[in-house]
>>> print(open('entry05.cif').read())   # mmCIF, N, CA, C and O atoms
data_entry
loop_
_atom_site.label_atom_id
_atom_site.label_comp_id
_atom_site.auth_asym_id
_atom_site.auth_seq_id
_atom_site.Cartn_x
_atom_site.Cartn_y
_atom_site.Cartn_z
N MET A 1265 -16.73 -54.42 7.83
CA MET A 1265 -17.46 -53.66 6.84
C MET A 1265 -17.43 -52.19 7.25
O MET A 1265 -17.78 -51.84 8.37
N PRO A 1266 -17.00 -51.30 6.32
CA PRO A 1266 -16.90 -49.89 6.68
C PRO A 1266 -18.28 -49.26 6.89
O PRO A 1266 -19.26 -49.64 6.25
N ALA A 1267 -18.31 -48.26 7.75
CA ALA A 1267 -19.57 -47.58 8.03
C ALA A 1267 -19.90 -46.57 6.94
O ALA A 1267 -21.04 -46.20 6.76
N PHE A 1268 -18.88 -46.12 6.24
CA PHE A 1268 -19.11 -45.16 5.15
C PHE A 1268 -18.04 -45.38 4.08
O PHE A 1268 -17.00 -45.97 4.33
N THR A 1269 -18.29 -44.85 2.89
CA THR A 1269 -17.33 -44.96 1.79
C THR A 1269 -17.10 -43.57 1.20
O THR A 1269 -17.93 -42.68 1.33
N PHE A 1270 -15.93 -43.43 0.57
CA PHE A 1270 -15.60 -42.16 -0.05
C PHE A 1270 -15.86 -42.24 -1.54
O PHE A 1270 -15.69 -43.28 -2.17
N GLU A 1271 -16.28 -41.12 -2.09
CA GLU A 1271 -16.50 -41.05 -3.53
C GLU A 1271 -15.15 -40.84 -4.20
O GLU A 1271 -14.32 -40.05 -3.73
N LYS A 1272 -14.91 -41.54 -5.27
CA LYS A 1272 -13.64 -41.37 -5.98
C LYS A 1272 -13.65 -40.06 -6.75
O LYS A 1272 -14.58 -39.78 -7.50
N ILE A 1273 -12.61 -39.26 -6.54
CA ILE A 1273 -12.50 -37.98 -7.23
C ILE A 1273 -11.44 -38.14 -8.30
O ILE A 1273 -10.30 -38.52 -8.02
N SER A 1274 -11.80 -37.82 -9.52
CA SER A 1274 -10.84 -37.94 -10.62
C SER A 1274 -9.86 -36.77 -10.56
O SER A 1274 -10.20 -35.68 -10.10
N PRO A 1275 -8.62 -36.99 -11.04
CA PRO A 1275 -7.64 -35.90 -11.01
C PRO A 1275 -8.08 -34.77 -11.94
O PRO A 1275 -8.83 -34.98 -12.89
N PRO A 1276 -7.60 -33.55 -11.66
CA PRO A 1276 -8.00 -32.41 -12.51
C PRO A 1276 -7.50 -32.59 -13.94
O PRO A 1276 -6.44 -33.16 -14.18
N VAL A 1277 -8.27 -32.10 -14.86
CA VAL A 1277 -7.91 -32.20 -16.27
C VAL A 1277 -6.81 -31.19 -16.57
O VAL A 1277 -6.90 -30.02 -16.20
N ARG A 1278 -5.76 -31.64 -17.22
CA ARG A 1278 -4.66 -30.73 -17.56
C ARG A 1278 -5.03 -29.97 -18.81
O ARG A 1278 -5.41 -30.54 -19.82
N ARG A 1279 -4.89 -28.68 -18.71
CA ARG A 1279 -5.20 -27.82 -19.84
C ARG A 1279 -3.92 -27.42 -20.54
O ARG A 1279 -2.85 -27.39 -19.94
N ALA A 1280 -4.05 -27.08 -21.78
CA ALA A 1280 -2.90 -26.59 -22.54
C ALA A 1280 -2.51 -25.23 -21.97
O ALA A 1280 -3.36 -24.47 -21.51
N PRO A 1281 -1.22 -24.91 -21.97
CA PRO A 1281 -0.82 -23.60 -21.45
C PRO A 1281 -1.47 -22.48 -22.25
O PRO A 1281 -1.62 -22.56 -23.46
N THR A 1282 -1.85 -21.44 -21.54
CA THR A 1282 -2.49 -20.32 -22.22
C THR A 1282 -1.47 -19.58 -23.07
O THR A 1282 -0.31 -19.42 -22.65
N PRO A 1283 -1.84 -19.16 -24.24
CA PRO A 1283 -0.89 -18.43 -25.07
C PRO A 1283 -0.54 -17.09 -24.44
O PRO A 1283 -1.39 -16.44 -23.82
N ALA A 1284 0.71 -16.70 -24.58
CA ALA A 1284 1.15 -15.43 -24.00
C ALA A 1284 0.45 -14.27 -24.70
O ALA A 1284 0.28 -14.27 -25.92
N ALA A 1285 0.06 -13.31 -23.92
CA ALA A 1285 -0.61 -12.14 -24.49
C ALA A 1285 0.42 -11.32 -25.27
O ALA A 1285 1.56 -11.18 -24.83
N PRO A 1286 0.04 -10.80 -26.42
CA PRO A 1286 1.01 -10.00 -27.17
C PRO A 1286 1.37 -8.74 -26.39
O PRO A 1286 0.52 -8.13 -25.73
N LYS A 1287 2.64 -8.37 -26.44
CA LYS A 1287 3.08 -7.19 -25.69
C LYS A 1287 2.53 -5.94 -26.35
O LYS A 1287 2.59 -5.78 -27.56
N LYS A 1288 2.01 -5.08 -25.49
CA LYS A 1288 1.52 -3.81 -25.99
C LYS A 1288 2.70 -2.86 -26.13
O LYS A 1288 3.65 -2.92 -25.35
N PRO A 1289 2.67 -1.99 -27.12
CA PRO A 1289 3.74 -1.00 -27.20
C PRO A 1289 3.64 -0.06 -26.00
O PRO A 1289 2.56 0.26 -25.53
N ARG A 1290 4.79 0.33 -25.49
CA ARG A 1290 4.81 1.20 -24.31
C ARG A 1290 4.33 2.58 -24.68
O ARG A 1290 4.56 3.07 -25.77
N SER A 1291 3.65 3.20 -23.74
CA SER A 1291 3.12 4.52 -24.00
C SER A 1291 4.26 5.54 -24.02
O SER A 1291 5.36 5.30 -23.54
N VAL A 1292 3.99 6.67 -24.58
CA VAL A 1292 4.99 7.73 -24.71
C VAL A 1292 5.43 8.20 -23.32
O VAL A 1292 6.61 8.44 -23.07
N ILE A 1293 4.48 8.28 -22.39
CA ILE A 1293 4.82 8.73 -21.03
C ILE A 1293 5.78 7.75 -20.38
O ILE A 1293 6.76 8.14 -19.75
N SER A 1294 5.52 6.45 -20.54
CA SER A 1294 6.40 5.44 -19.96
C SER A 1294 7.80 5.55 -20.54
O SER A 1294 8.79 5.43 -19.82
N GLN A 1295 7.89 5.78 -21.85
CA GLN A 1295 9.20 5.92 -22.48
C GLN A 1295 9.93 7.14 -21.95
O GLN A 1295 11.14 7.08 -21.69
N MET A 1296 9.22 8.24 -21.76
CA MET A 1296 9.85 9.45 -21.24
C MET A 1296 10.37 9.23 -19.82
O MET A 1296 11.48 9.64 -19.47
N ILE A 1297 9.56 8.58 -19.00
CA ILE A 1297 9.98 8.31 -17.62
C ILE A 1297 11.22 7.42 -17.61
O ILE A 1297 12.15 7.63 -16.83
N ASP A 1298 11.25 6.40 -18.48
CA ASP A 1298 12.42 5.52 -18.56
C ASP A 1298 13.67 6.32 -18.93
O ASP A 1298 14.74 6.11 -18.36
N ARG A 1299 13.54 7.21 -19.89
CA ARG A 1299 14.69 8.02 -20.31
C ARG A 1299 15.20 8.90 -19.17
O ARG A 1299 16.41 9.01 -18.93
N ILE A 1300 14.26 9.54 -18.46
CA ILE A 1300 14.65 10.40 -17.34
C ILE A 1300 15.35 9.59 -16.26
O ILE A 1300 16.39 10.00 -15.73
N ALA A 1301 14.80 8.43 -15.94
CA ALA A 1301 15.41 7.59 -14.89
C ALA A 1301 16.79 7.12 -15.31
O ALA A 1301 17.72 7.08 -14.49
N GLU A 1302 16.95 6.78 -16.57
CA GLU A 1302 18.25 6.33 -17.06
C GLU A 1302 19.28 7.46 -16.96
O GLU A 1302 20.41 7.25 -16.51
N ARG A 1303 18.91 8.65 -17.36
CA ARG A 1303 19.83 9.79 -17.28
C ARG A 1303 20.20 10.10 -15.83
O ARG A 1303 21.35 10.39 -15.52
N ARG A 1304 19.21 10.02 -14.95
CA ARG A 1304 19.48 10.29 -13.53
C ARG A 1304 20.45 9.25 -12.97
O ARG A 1304 21.36 9.58 -12.20
N ALA A 1305 20.28 8.00 -13.34
CA ALA A 1305 21.17 6.95 -12.87
C ALA A 1305 22.59 7.19 -13.37
O ALA A 1305 23.57 7.03 -12.63
N ARG A 1306 22.72 7.56 -14.64
CA ARG A 1306 24.05 7.85 -15.19
C ARG A 1306 24.70 9.02 -14.46
O ARG A 1306 25.88 8.97 -14.12
N ARG A 1307 23.91 10.06 -14.22
CA ARG A 1307 24.44 11.24 -13.54
C ARG A 1307 24.91 10.87 -12.13
O ARG A 1307 25.97 11.32 -11.67
N THR A 1308 24.15 10.05 -11.43
CA THR A 1308 24.52 9.63 -10.09
C THR A 1308 25.84 8.87 -10.11
O THR A 1308 26.72 9.10 -9.27
N LEU A 1309 25.99 7.97 -11.07
CA LEU A 1309 27.24 7.21 -11.19
C LEU A 1309 28.41 8.14 -11.48
O LEU A 1309 29.49 7.99 -10.90
N GLN A 1310 28.21 9.12 -12.36
CA GLN A 1310 29.29 10.05 -12.68
C GLN A 1310 29.67 10.87 -11.46
O GLN A 1310 30.85 11.11 -11.21
N ASP A 1311 28.69 11.28 -10.68
CA ASP A 1311 28.97 12.05 -9.46
C ASP A 1311 29.77 11.21 -8.46
O ASP A 1311 30.69 11.71 -7.82
N GLU A 1312 29.41 9.93 -8.34
CA GLU A 1312 30.13 9.06 -7.41
C GLU A 1312 31.58 8.90 -7.85
O GLU A 1312 32.49 8.94 -7.03
N HIS A 1313 31.80 8.71 -9.14
CA HIS A 1313 33.16 8.56 -9.65
C HIS A 1313 33.96 9.83 -9.41
O HIS A 1313 35.13 9.79 -9.03
N ALA A 1314 33.34 10.98 -9.63
CA ALA A 1314 34.02 12.25 -9.43
C ALA A 1314 34.39 12.43 -7.96
O ALA A 1314 35.49 12.89 -7.64
N MET A 1315 33.51 12.06 -7.06
CA MET A 1315 33.79 12.18 -5.63
C MET A 1315 34.95 11.28 -5.23
O MET A 1315 35.82 11.66 -4.45
N ARG A 1316 35.01 10.07 -5.78
CA ARG A 1316 36.10 9.15 -5.46
C ARG A 1316 37.43 9.71 -5.96
O ARG A 1316 38.44 9.61 -5.28
N ARG A 1317 37.39 10.28 -7.17
CA ARG A 1317 38.62 10.86 -7.72
C ARG A 1317 39.13 12.01 -6.83
O ARG A 1317 40.29 12.14 -6.55
N ASP A 1318 38.17 12.84 -6.39
CA ASP A 1318 38.53 13.96 -5.51
C ASP A 1318 39.12 13.46 -4.20
O ASP A 1318 40.08 14.05 -3.68
N GLU A 1319 38.57 12.37 -3.65
CA GLU A 1319 39.09 11.83 -2.41
C GLU A 1319 40.50 11.29 -2.59
O GLU A 1319 41.36 11.47 -1.73
N LYS A 1320 40.76 10.66 -3.74
CA LYS A 1320 42.09 10.11 -3.99
C LYS A 1320 43.11 11.23 -4.15
O LYS A 1320 44.25 11.13 -3.70
N LEU A 1321 42.69 12.32 -4.80
CA LEU A 1321 43.60 13.44 -5.00
C LEU A 1321 43.93 14.15 -3.69
O LEU A 1321 45.03 14.68 -3.50
N ALA A 1322 42.97 14.18 -2.78
CA ALA A 1322 43.15 14.86 -1.51
C ALA A 1322 44.12 14.11 -0.60
O ALA A 1322 44.74 14.68 0.28
N GLU A 1323 44.24 12.79 -0.81
CA GLU A 1323 45.11 11.99 0.06
C GLU A 1323 46.54 12.19 -0.23
O GLU A 1323 47.34 12.67 -0.56
#
>>> encode(input="entry05.cif", output="C-alpha coordinates")
Amino acid sequence: MPAFTFEKISPPVRRAPTPAAPKKPRSVISQMIDRIAERRARRTLQDEHAMRRDEKLAE
(Lines of atoms letter the chains of each structure in order from A and count residues from 1; the text may use other names and numbers.)
(Lines give C-alpha, C1' and ligand atoms only; values in the text may rest on other atoms or scores of the structure.)
Protein backbone atom coordinates (compact mmCIF):
# COMPACT_ATOMS: atom_id res chain seq x y z
CA MET A 1 0.00 0.00 0.00
CA PRO A 2 1.51 3.34 -1.03
CA ALA A 3 2.28 5.91 1.62
CA PHE A 4 1.03 8.74 -0.57
CA THR A 5 -0.84 9.25 -3.85
CA PHE A 6 -0.54 11.79 -6.63
CA GLU A 7 -3.36 13.96 -7.82
CA LYS A 8 -4.20 13.43 -11.47
CA ILE A 9 -3.46 16.53 -13.52
CA SER A 10 -5.47 16.95 -16.68
CA PRO A 11 -3.61 17.97 -19.85
CA PRO A 12 -3.70 21.67 -20.78
CA VAL A 13 -6.65 22.80 -22.84
CA ARG A 14 -5.71 23.51 -26.44
CA ARG A 15 -6.73 26.93 -27.54
CA ALA A 16 -7.46 28.07 -31.05
CA PRO A 17 -4.53 29.92 -32.63
CA THR A 18 -4.69 33.63 -32.04
CA PRO A 19 -5.60 35.62 -35.12
CA ALA A 20 -2.71 37.51 -36.67
CA ALA A 21 -2.68 41.18 -35.86
CA PRO A 22 -3.35 43.35 -38.89
CA LYS A 23 -0.19 44.94 -40.24
CA LYS A 24 0.13 48.60 -39.51
CA PRO A 25 1.17 50.83 -42.37
CA ARG A 26 4.81 51.79 -42.06
CA SER A 27 5.55 55.28 -40.90
CA VAL A 28 6.99 57.85 -43.26
CA ILE A 29 10.28 57.88 -41.34
CA SER A 30 10.64 54.11 -41.69
CA GLN A 31 10.00 54.37 -45.43
CA MET A 32 12.62 57.11 -45.79
CA ILE A 33 15.20 55.09 -43.87
CA ASP A 34 14.49 52.04 -46.05
CA ARG A 35 15.00 54.11 -49.21
CA ILE A 36 18.29 55.56 -47.94
CA ALA A 37 19.58 52.12 -46.94
CA GLU A 38 18.61 50.66 -50.31
CA ARG A 39 20.42 53.44 -52.20
CA ARG A 40 23.50 53.05 -50.02
CA ALA A 41 23.56 49.30 -50.67
CA ARG A 42 23.28 49.86 -54.43
CA ARG A 43 26.05 52.44 -54.34
CA THR A 44 28.31 50.06 -52.41
CA LEU A 45 27.73 47.31 -54.96
CA GLN A 46 28.47 49.69 -57.83
CA ASP A 47 31.70 50.81 -56.15
CA GLU A 48 32.78 47.19 -55.68
CA HIS A 49 32.12 46.39 -59.33
CA ALA A 50 34.04 49.48 -60.43
CA MET A 51 37.01 48.52 -58.25
CA ARG A 52 37.06 45.00 -59.72
CA ARG A 53 36.98 46.40 -63.24
CA ASP A 54 39.88 48.71 -62.42
CA GLU A 55 41.87 45.79 -61.00
CA LYS A 56 41.29 43.72 -64.14
CA LEU A 57 42.36 46.59 -66.37
CA ALA A 58 45.53 47.15 -64.36
CA GLU A 59 46.62 43.52 -64.83
>>> select_by_dssp(input="entry05.cif", residues="segment 1265-1317 of chain A", states="alpha helix (DSSP H)", output="PyMOL selection string")
chain A and resi 1292-1317
>>> axis_aligned_box(input="entry05.cif", around="segment 1300-1314 of chain A", padding_each_side="5 Å", output="JSON")
{"center_x": 24.9, "center_y": 9.6, "center_z": -12.7, "size_x": 31.2, "size_y": 16.6, "size_z": 21.4}
>>> atom_distance(input="entry05.cif", atom1="atom N of Ile1293 of chain A", atom2="atom CA of Thr1308 of chain A")
23.6 Å
